[in-house]
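Containing mmCIF, C-alpha atoms: upload_35.cif.
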```cif
data_input
loop_
_atom_site.group_PDB
_atom_site.id
_atom_site.type_symbol
_atom_site.label_atom_id
_atom_site.label_comp_id
_atom_site.auth_asym_id
_atom_site.auth_seq_id
_atom_site.Cartn_x
_atom_site.Cartn_y
_atom_site.Cartn_z
ATOM 1 C CA LYS A 1 -158.030 1.134 -63.491
ATOM 2 C CA ALA A 2 -156.487 -0.889 -60.718
ATOM 3 C CA GLY A 3 -152.835 -1.712 -61.197
ATOM 4 C CA VAL A 4 -151.055 -5.026 -61.190
ATOM 5 C CA THR A 5 -151.359 -6.847 -57.892
ATOM 6 C CA GLN A 6 -149.080 -9.547 -56.554
ATOM 7 C CA THR A 7 -149.541 -11.783 -53.566
ATOM 8 C CA PRO A 8 -148.003 -12.401 -51.192
ATOM 9 C CA ARG A 9 -145.673 -9.433 -50.876
ATOM 10 C CA TYR A 10 -143.179 -11.270 -48.689
ATOM 11 C CA LEU A 11 -142.419 -14.941 -48.268
ATOM 12 C CA ILE A 12 -139.871 -16.937 -46.329
ATOM 13 C CA LYS A 13 -139.278 -20.550 -47.314
ATOM 14 C CA THR A 14 -136.791 -23.276 -46.546
ATOM 15 C CA ARG A 15 -134.503 -24.971 -49.047
ATOM 16 C CA GLY A 16 -136.216 -27.856 -50.773
ATOM 17 C CA GLN A 17 -139.720 -26.483 -50.360
ATOM 18 C CA GLN A 18 -141.852 -25.201 -53.169
ATOM 19 C CA VAL A 19 -143.627 -21.873 -53.529
ATOM 20 C CA THR A 20 -146.450 -20.388 -55.578
ATOM 21 C CA LEU A 21 -146.708 -16.683 -56.348
ATOM 22 C CA SER A 22 -149.767 -14.985 -57.761
ATOM 23 C CA CYS A 23 -150.257 -12.065 -60.121
ATOM 24 C CA SER A 24 -153.439 -10.292 -61.199
ATOM 25 C CA PRO A 25 -152.942 -8.130 -64.289
ATOM 26 C CA ILE A 26 -154.585 -4.849 -65.191
ATOM 27 C CA SER A 27 -158.158 -5.384 -66.300
ATOM 28 C CA GLY A 28 -158.256 -6.077 -70.028
ATOM 29 C CA HIS A 29 -154.602 -7.087 -70.272
ATOM 30 C CA ARG A 30 -154.105 -10.596 -71.571
ATOM 31 C CA SER A 31 -150.350 -10.949 -71.234
ATOM 32 C CA VAL A 32 -148.466 -11.578 -68.013
ATOM 33 C CA SER A 33 -144.671 -11.720 -67.874
ATOM 34 C CA TRP A 34 -142.541 -12.720 -64.906
ATOM 35 C CA TYR A 35 -139.090 -11.419 -64.002
ATOM 36 C CA GLN A 36 -136.569 -12.255 -61.322
ATOM 37 C CA GLN A 37 -134.576 -9.408 -59.778
ATOM 38 C CA THR A 38 -131.401 -10.099 -57.790
ATOM 39 C CA PRO A 39 -128.467 -7.868 -56.857
ATOM 40 C CA GLY A 40 -126.057 -10.089 -58.764
ATOM 41 C CA GLN A 41 -127.965 -10.851 -61.947
ATOM 42 C CA GLY A 42 -130.250 -7.848 -62.184
ATOM 43 C CA LEU A 43 -133.605 -8.214 -63.905
ATOM 44 C CA GLN A 44 -134.045 -11.426 -65.834
ATOM 45 C CA PHE A 45 -137.026 -12.579 -67.861
ATOM 46 C CA LEU A 46 -138.601 -15.833 -66.731
ATOM 47 C CA PHE A 47 -141.589 -16.378 -69.028
ATOM 48 C CA GLU A 48 -144.706 -14.855 -70.523
ATOM 49 C CA TYR A 49 -148.239 -16.159 -70.647
ATOM 50 C CA PHE A 50 -150.862 -15.017 -73.098
ATOM 51 C CA SER A 51 -154.348 -16.475 -73.360
ATOM 52 C CA GLU A 52 -153.434 -19.306 -70.977
ATOM 53 C CA THR A 53 -150.435 -20.370 -73.104
ATOM 54 C CA GLN A 54 -146.751 -19.844 -72.494
ATOM 55 C CA ARG A 55 -145.653 -17.633 -75.354
ATOM 56 C CA ASN A 56 -142.051 -16.898 -74.459
ATOM 57 C CA LYS A 57 -139.515 -18.342 -72.068
ATOM 58 C CA GLY A 58 -136.227 -17.212 -70.572
ATOM 59 C CA ASN A 59 -133.215 -19.282 -69.545
ATOM 60 C CA PHE A 60 -134.290 -20.689 -66.222
ATOM 61 C CA PRO A 61 -134.329 -24.312 -65.074
ATOM 62 C CA GLY A 62 -137.468 -26.392 -65.199
ATOM 63 C CA ARG A 63 -138.008 -25.838 -61.467
ATOM 64 C CA PHE A 64 -139.539 -22.541 -62.494
ATOM 65 C CA SER A 65 -142.956 -22.904 -64.045
ATOM 66 C CA GLY A 66 -146.110 -20.928 -64.456
ATOM 67 C CA ARG A 67 -149.641 -20.932 -65.671
ATOM 68 C CA GLN A 68 -152.380 -18.538 -66.589
ATOM 69 C CA PHE A 69 -156.069 -18.797 -65.952
ATOM 70 C CA SER A 70 -158.983 -17.813 -68.161
ATOM 71 C CA ASN A 71 -159.329 -14.509 -66.284
ATOM 72 C CA SER A 72 -155.657 -13.730 -67.151
ATOM 73 C CA ARG A 73 -154.471 -14.128 -63.570
ATOM 74 C CA SER A 74 -151.163 -15.926 -63.464
ATOM 75 C CA GLU A 75 -149.264 -18.023 -60.978
ATOM 76 C CA MET A 76 -145.599 -18.837 -60.851
ATOM 77 C CA ASN A 77 -144.267 -21.909 -59.101
ATOM 78 C CA VAL A 78 -140.749 -22.708 -57.979
ATOM 79 C CA SER A 79 -140.087 -26.248 -56.819
ATOM 80 C CA THR A 80 -137.177 -27.553 -54.767
ATOM 81 C CA LEU A 81 -136.118 -24.119 -53.646
ATOM 82 C CA GLU A 82 -132.437 -23.221 -53.525
ATOM 83 C CA LEU A 83 -130.756 -20.404 -51.621
ATOM 84 C CA GLY A 84 -130.046 -18.702 -54.935
ATOM 85 C CA ASP A 85 -133.766 -18.387 -55.631
ATOM 86 C CA SER A 86 -133.971 -15.612 -53.050
ATOM 87 C CA ALA A 87 -135.050 -12.626 -55.088
ATOM 88 C CA LEU A 88 -137.738 -10.097 -55.856
ATOM 89 C CA TYR A 89 -140.164 -11.660 -58.317
ATOM 90 C CA LEU A 90 -141.956 -9.123 -60.468
ATOM 91 C CA CYS A 91 -144.855 -9.657 -62.754
ATOM 92 C CA ALA A 92 -145.810 -7.310 -65.535
ATOM 93 C CA SER A 93 -148.986 -7.054 -67.539
ATOM 94 C CA SER A 94 -149.531 -5.744 -71.025
ATOM 95 C CA PRO A 95 -152.301 -5.890 -73.596
ATOM 96 C CA GLY A 96 -150.343 -8.589 -75.420
ATOM 97 C CA ASP A 97 -151.480 -7.499 -78.836
ATOM 98 C CA ARG A 98 -147.907 -6.827 -80.043
ATOM 99 C CA VAL A 99 -148.908 -3.242 -80.814
ATOM 100 C CA SER A 100 -148.680 -1.829 -77.315
ATOM 101 C CA TYR A 101 -145.363 -2.944 -75.880
ATOM 102 C CA GLU A 102 -145.512 -1.217 -72.540
ATOM 103 C CA GLN A 103 -145.349 -3.511 -69.577
ATOM 104 C CA TYR A 104 -146.809 -2.426 -66.255
ATOM 105 C CA PHE A 105 -145.235 -3.928 -63.196
ATOM 106 C CA GLY A 106 -146.632 -5.012 -59.881
ATOM 107 C CA PRO A 107 -144.925 -4.309 -56.539
ATOM 108 C CA GLY A 108 -143.264 -7.708 -56.508
ATOM 109 C CA THR A 109 -143.035 -10.645 -54.145
ATOM 110 C CA ARG A 110 -139.857 -10.783 -52.102
ATOM 111 C CA LEU A 111 -138.893 -14.417 -51.591
ATOM 112 C CA THR A 112 -136.285 -15.352 -49.026
ATOM 113 C CA VAL A 113 -135.009 -18.922 -48.995
ATOM 114 C CA THR A 114 -133.229 -20.048 -45.822
ATOM 115 C CA GLY B 1 -127.313 -11.290 -78.246
ATOM 116 C CA ASP B 2 -129.127 -8.103 -77.361
ATOM 117 C CA SER B 3 -127.895 -6.121 -74.411
ATOM 118 C CA VAL B 4 -128.269 -2.802 -72.635
ATOM 119 C CA THR B 5 -125.399 -1.004 -70.938
ATOM 120 C CA GLN B 6 -125.917 1.729 -68.375
ATOM 121 C CA MET B 7 -123.463 3.953 -66.597
ATOM 122 C CA GLU B 8 -122.327 2.754 -63.196
ATOM 123 C CA GLY B 9 -123.861 4.396 -60.194
ATOM 124 C CA PRO B 10 -124.497 5.745 -57.782
ATOM 125 C CA VAL B 11 -124.989 9.177 -59.242
ATOM 126 C CA THR B 12 -125.132 11.805 -56.516
ATOM 127 C CA LEU B 13 -126.471 15.256 -57.354
ATOM 128 C CA SER B 14 -127.608 18.319 -55.512
ATOM 129 C CA GLU B 15 -131.217 19.377 -55.915
ATOM 130 C CA GLU B 16 -131.833 21.414 -59.096
ATOM 131 C CA ALA B 17 -128.755 19.963 -60.808
ATOM 132 C CA PHE B 18 -128.864 18.632 -64.372
ATOM 133 C CA LEU B 19 -129.110 14.865 -64.739
ATOM 134 C CA THR B 20 -127.781 12.606 -67.474
ATOM 135 C CA ILE B 21 -127.829 8.810 -67.193
ATOM 136 C CA ASN B 22 -126.178 7.148 -70.157
ATOM 137 C CA CYS B 23 -127.678 4.111 -71.866
ATOM 138 C CA THR B 24 -126.417 2.317 -74.942
ATOM 139 C CA TYR B 25 -127.756 -0.835 -76.504
ATOM 140 C CA THR B 26 -126.683 -3.650 -78.786
ATOM 141 C CA ALA B 27 -129.455 -5.080 -80.911
ATOM 142 C CA THR B 28 -129.792 -7.007 -84.132
ATOM 143 C CA GLY B 29 -132.954 -5.210 -85.177
ATOM 144 C CA TYR B 30 -134.920 -2.096 -84.305
ATOM 145 C CA PRO B 31 -136.208 -2.355 -80.777
ATOM 146 C CA SER B 32 -138.439 -0.073 -78.788
ATOM 147 C CA LEU B 33 -136.650 1.568 -75.871
ATOM 148 C CA PHE B 34 -137.842 2.347 -72.367
ATOM 149 C CA TRP B 35 -136.801 3.913 -69.109
ATOM 150 C CA TYR B 36 -138.241 2.457 -65.932
ATOM 151 C CA VAL B 37 -137.818 3.792 -62.397
ATOM 152 C CA GLN B 38 -137.827 1.796 -59.174
ATOM 153 C CA TYR B 39 -138.366 3.487 -55.829
ATOM 154 C CA PRO B 40 -137.257 1.692 -52.657
ATOM 155 C CA GLY B 41 -139.420 -1.287 -51.841
ATOM 156 C CA GLU B 42 -141.507 -0.967 -54.984
ATOM 157 C CA GLY B 43 -141.847 -2.482 -58.427
ATOM 158 C CA LEU B 44 -140.881 -0.800 -61.680
ATOM 159 C CA GLN B 45 -142.741 2.182 -63.057
ATOM 160 C CA LEU B 46 -142.655 3.020 -66.741
ATOM 161 C CA LEU B 47 -141.104 6.474 -67.045
ATOM 162 C CA LEU B 48 -140.930 7.024 -70.797
ATOM 163 C CA LYS B 49 -140.584 5.225 -74.107
ATOM 164 C CA ALA B 50 -139.532 5.641 -77.735
ATOM 165 C CA THR B 51 -140.470 3.238 -80.489
ATOM 166 C CA LYS B 52 -138.348 4.367 -83.436
ATOM 167 C CA ALA B 53 -135.226 6.309 -84.333
ATOM 168 C CA ASP B 54 -135.278 10.035 -83.468
ATOM 169 C CA ASP B 55 -138.367 9.634 -81.279
ATOM 170 C CA LYS B 56 -138.169 11.573 -78.043
ATOM 171 C CA GLY B 57 -139.892 10.181 -74.997
ATOM 172 C CA SER B 58 -140.753 12.530 -72.156
ATOM 173 C CA ASN B 59 -142.537 12.412 -68.822
ATOM 174 C CA LYS B 60 -142.359 14.322 -65.519
ATOM 175 C CA GLY B 61 -139.522 16.503 -66.794
ATOM 176 C CA PHE B 62 -137.437 13.527 -67.939
ATOM 177 C CA GLU B 63 -136.498 13.128 -71.603
ATOM 178 C CA ALA B 64 -134.662 10.605 -73.763
ATOM 179 C CA THR B 65 -134.078 10.491 -77.516
ATOM 180 C CA TYR B 66 -133.710 7.278 -79.514
ATOM 181 C CA ARG B 67 -130.406 7.678 -81.403
ATOM 182 C CA LYS B 68 -129.941 4.857 -83.885
ATOM 183 C CA GLU B 69 -126.592 6.139 -85.152
ATOM 184 C CA THR B 70 -125.048 5.975 -81.681
ATOM 185 C CA THR B 71 -127.344 3.180 -80.383
ATOM 186 C CA SER B 72 -128.095 5.320 -77.361
ATOM 187 C CA PHE B 73 -131.076 6.393 -75.258
ATOM 188 C CA HIS B 74 -129.671 8.702 -72.600
ATOM 189 C CA LEU B 75 -131.987 9.929 -69.858
ATOM 190 C CA GLU B 76 -131.925 13.637 -68.990
ATOM 191 C CA LYS B 77 -133.655 15.998 -66.623
ATOM 192 C CA GLY B 78 -132.989 19.666 -66.326
ATOM 193 C CA SER B 79 -133.523 20.070 -62.591
ATOM 194 C CA VAL B 80 -133.683 17.074 -60.274
ATOM 195 C CA GLN B 81 -135.560 16.926 -56.994
ATOM 196 C CA VAL B 82 -134.960 14.874 -53.863
ATOM 197 C CA SER B 83 -138.057 12.877 -54.802
ATOM 198 C CA ASP B 84 -136.288 11.684 -57.974
ATOM 199 C CA SER B 85 -133.947 9.556 -55.871
ATOM 200 C CA ALA B 86 -134.447 6.015 -57.155
ATOM 201 C CA VAL B 87 -132.927 3.375 -59.410
ATOM 202 C CA TYR B 88 -133.358 3.932 -63.144
ATOM 203 C CA PHE B 89 -133.393 1.083 -65.660
ATOM 204 C CA CYS B 90 -132.989 1.328 -69.408
ATOM 205 C CA ALA B 91 -134.630 -1.492 -71.369
ATOM 206 C CA LEU B 92 -135.387 -2.671 -74.874
ATOM 207 C CA ILE B 93 -138.072 -4.851 -76.427
ATOM 208 C CA TYR B 94 -138.777 -6.182 -79.900
ATOM 209 C CA ALA B 95 -142.076 -6.254 -81.662
ATOM 210 C CA GLY B 96 -141.590 -9.924 -82.500
ATOM 211 C CA THR B 97 -140.970 -10.953 -78.905
ATOM 212 C CA ALA B 98 -142.904 -8.151 -77.318
ATOM 213 C CA SER B 99 -143.115 -9.929 -74.011
ATOM 214 C CA LYS B 100 -139.421 -9.959 -73.134
ATOM 215 C CA LEU B 101 -137.793 -6.802 -71.832
ATOM 216 C CA THR B 102 -133.999 -6.782 -71.764
ATOM 217 C CA PHE B 103 -132.799 -4.520 -68.972
ATOM 218 C CA GLY B 104 -129.618 -2.697 -68.147
ATOM 219 C CA THR B 105 -128.116 -3.113 -64.696
ATOM 220 C CA GLY B 106 -129.756 0.007 -63.327
ATOM 221 C CA THR B 107 -128.305 3.306 -62.134
ATOM 222 C CA ARG B 108 -128.960 4.539 -58.642
ATOM 223 C CA LEU B 109 -129.615 8.277 -58.367
ATOM 224 C CA GLN B 110 -129.322 10.055 -55.058
ATOM 225 C CA VAL B 111 -130.370 13.694 -54.866
ATOM 226 C CA THR B 112 -129.421 15.729 -51.818
ATOM 227 C CA LEU B 113 -130.587 19.117 -50.563
#
```
Whole structure, structure tokens version:
Amino acid sequence: KAGVTQTPRYLIKTRGQQVTLSCSPISGHRSVSWYQQTPGQGLQFLFEYFSETQRNKGNFPGRFSGRQFSNSRSEMNVSTLELGDSALYLCASSPGDRVSYEQYFGPGTRLTVT
Amino acid sequence: GDSVTQMEGPVTLSEEAFLTINCTYTATGYPSLFWYVQYPGEGLQLLLKATKADDKGSNKGFEATYRKETTSFHLEKGSVQVSDSAVYFCALIYAGTASKLTFGTGTRLQVTL
């Protein structure tokens, strides 16, 4: 099976712009979770989508949003970028059935905000 | 709230040395526990897991035992290799919110010849 793919791998944006990141989960997985990784805050959960619905949400401002399509692919959007949004954004896929808890991560998108 | 505490790194070892990375957790219920590994420039790879007390997870020579009495899940390997150099993350997840992993801060391991 192909693994989790994320595009783009690297992105440079300017403060105030917005950005959209994409994640394709492992075939058959219906849940996609997003995490932000920074040197200062470590790995923090953003949100999870399952069957096109947000099922769980972390403590991030409303500038961070996401969606999931019928094929389980997910996108994450950050509006009005701030310097502090510079991070590695990781998505993880899992079956989502609450029996198998393993999450499988993609390589991440490294976002730099200047 | 729930939290995971890992030993500070970096941990520097010679090849073939014994490895222990300590992990303790604070949780209100009975989570499942994981170790993930991150190699430079990559995402996280699931290394091993344990879903209930006294379970032992193992993979690629790494082991960890879920100790409810000490709320610990220490990672061990009998003989490390240079290729094991990476950052290791301990994490927990609940069945009820099975989408949200809570991670420790990570421990960097450097193995030298």
Inset, instruction - With the file shown as input, list the residues that the PyMOL selection byres ((chain B) within 9 of (chain A)) selects, as a list in words. - result: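 With the shown file as input, the PyMOL selection byres ((chain B) within 9 of (chain A)) matches Ser32, Phe34, Gly41, Glu42, Gly43, Leu44, Gln45, Leu46, Lys49, Ile93, Tyr94, Ala95, Gly96, Thr97, Ala98, Ser99, Lys100, Leu101, Thr102, Phe103, Gly104, Thr105 and Gly106 of chain B.
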Inset, instruction - Excluding Pro8 of chain A and any residue of its chain fewer than 3 positions from it, enumerate the residues within 10 Å of it, using all atoms listed in the file, and give them as number ranges by chain. - result: A: 5, 11, 20-23, 108-111
Inset, instruction - Please write as a count of residues only the full residue list that the PyMOL selection byres ((chain B and resi 56) around 12) yields on this file. - result: 26
Identify all residues satisfying the PyMOL selection byres ((chain B and resi 26) around 8) in the given file; provide them as a PDB file with C-alpha atoms, keeping the file's coordinate frame.
```
ATOM      1  CA  GLY B   1    -127.313 -11.290 -78.246  1.00  0.00           C
ATOM      2  CA  ASP B   2    -129.127  -8.103 -77.361  1.00  0.00           C
ATOM      3  CA  SER B   3    -127.895  -6.121 -74.411  1.00  0.00           C
ATOM      4  CA  VAL B   4    -128.269  -2.802 -72.635  1.00  0.00           C
ATOM      5  CA  THR B  24    -126.417   2.317 -74.942  1.00  0.00           C
ATOM      6  CA  TYR B  25    -127.756  -0.835 -76.504  1.00  0.00           C
ATOM      7  CA  ALA B  27    -129.455  -5.080 -80.911  1.00  0.00           C
ATOM      8  CA  THR B  28    -129.792  -7.007 -84.132  1.00  0.00           C
ATOM      9  CA  THR B  71    -127.344   3.180 -80.383  1.00  0.00           C
TER      10      THR B  71
END
```
Inset, instruction - In the coordinates of the file, take the point (-138.2, 15.2, -54.4) and a cut-off of 12 Å; then, counting all atoms listed in the file, name each qualifying protein, DNA or RNA residue as a PyMOL selection string. - result: chain B and resi 14-16+39+60+79-86+109-113
Inset, instruction - For atom CA of Val11 of chain B and atom CA of Tyr88 of chain B, determine how far apart the two atoms are, in Å to one decimal place. - result: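 Separation between atom CA of Val11 of chain B and atom CA of Tyr88 of chain B: 10.6 Å.
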Legend entry - Counting only C-alpha atoms, the residue of B:Gln38, B:Phe18, B:Leu92, B:Thr12 that sits nearest Gly61 of chain B: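 For Gly61 of chain B, the nearest of the given residues is B:Phe18.
Pairwise distance (atom CA of Thr53 of chain A, atom CA of Gly29 of chain B) equals 26.1 Å.
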Inset, instruction - For Ser65 of chain A, list every protein, DNA or RNA residue within 8 Å, evaluated using all atoms listed in the file, and leave out those in the same chain fewer than 2 positions away; present the list as a PyMOL selection string. - result: chain A and resi 62-63+67+76-78
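Here atom CA of Gln17 of chain A and atom CA of Ser86 of chain A stand 12.6 Å from one another.
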Inset, instruction - Using only C-alpha atoms, determine which residues lie at most 9 Å from Thr107 of chain B, disregarding the query and same-chain residues fewer than 4 positions distant; provide the list as number ranges by chain. - result: B: 6-11, 21, 86-90
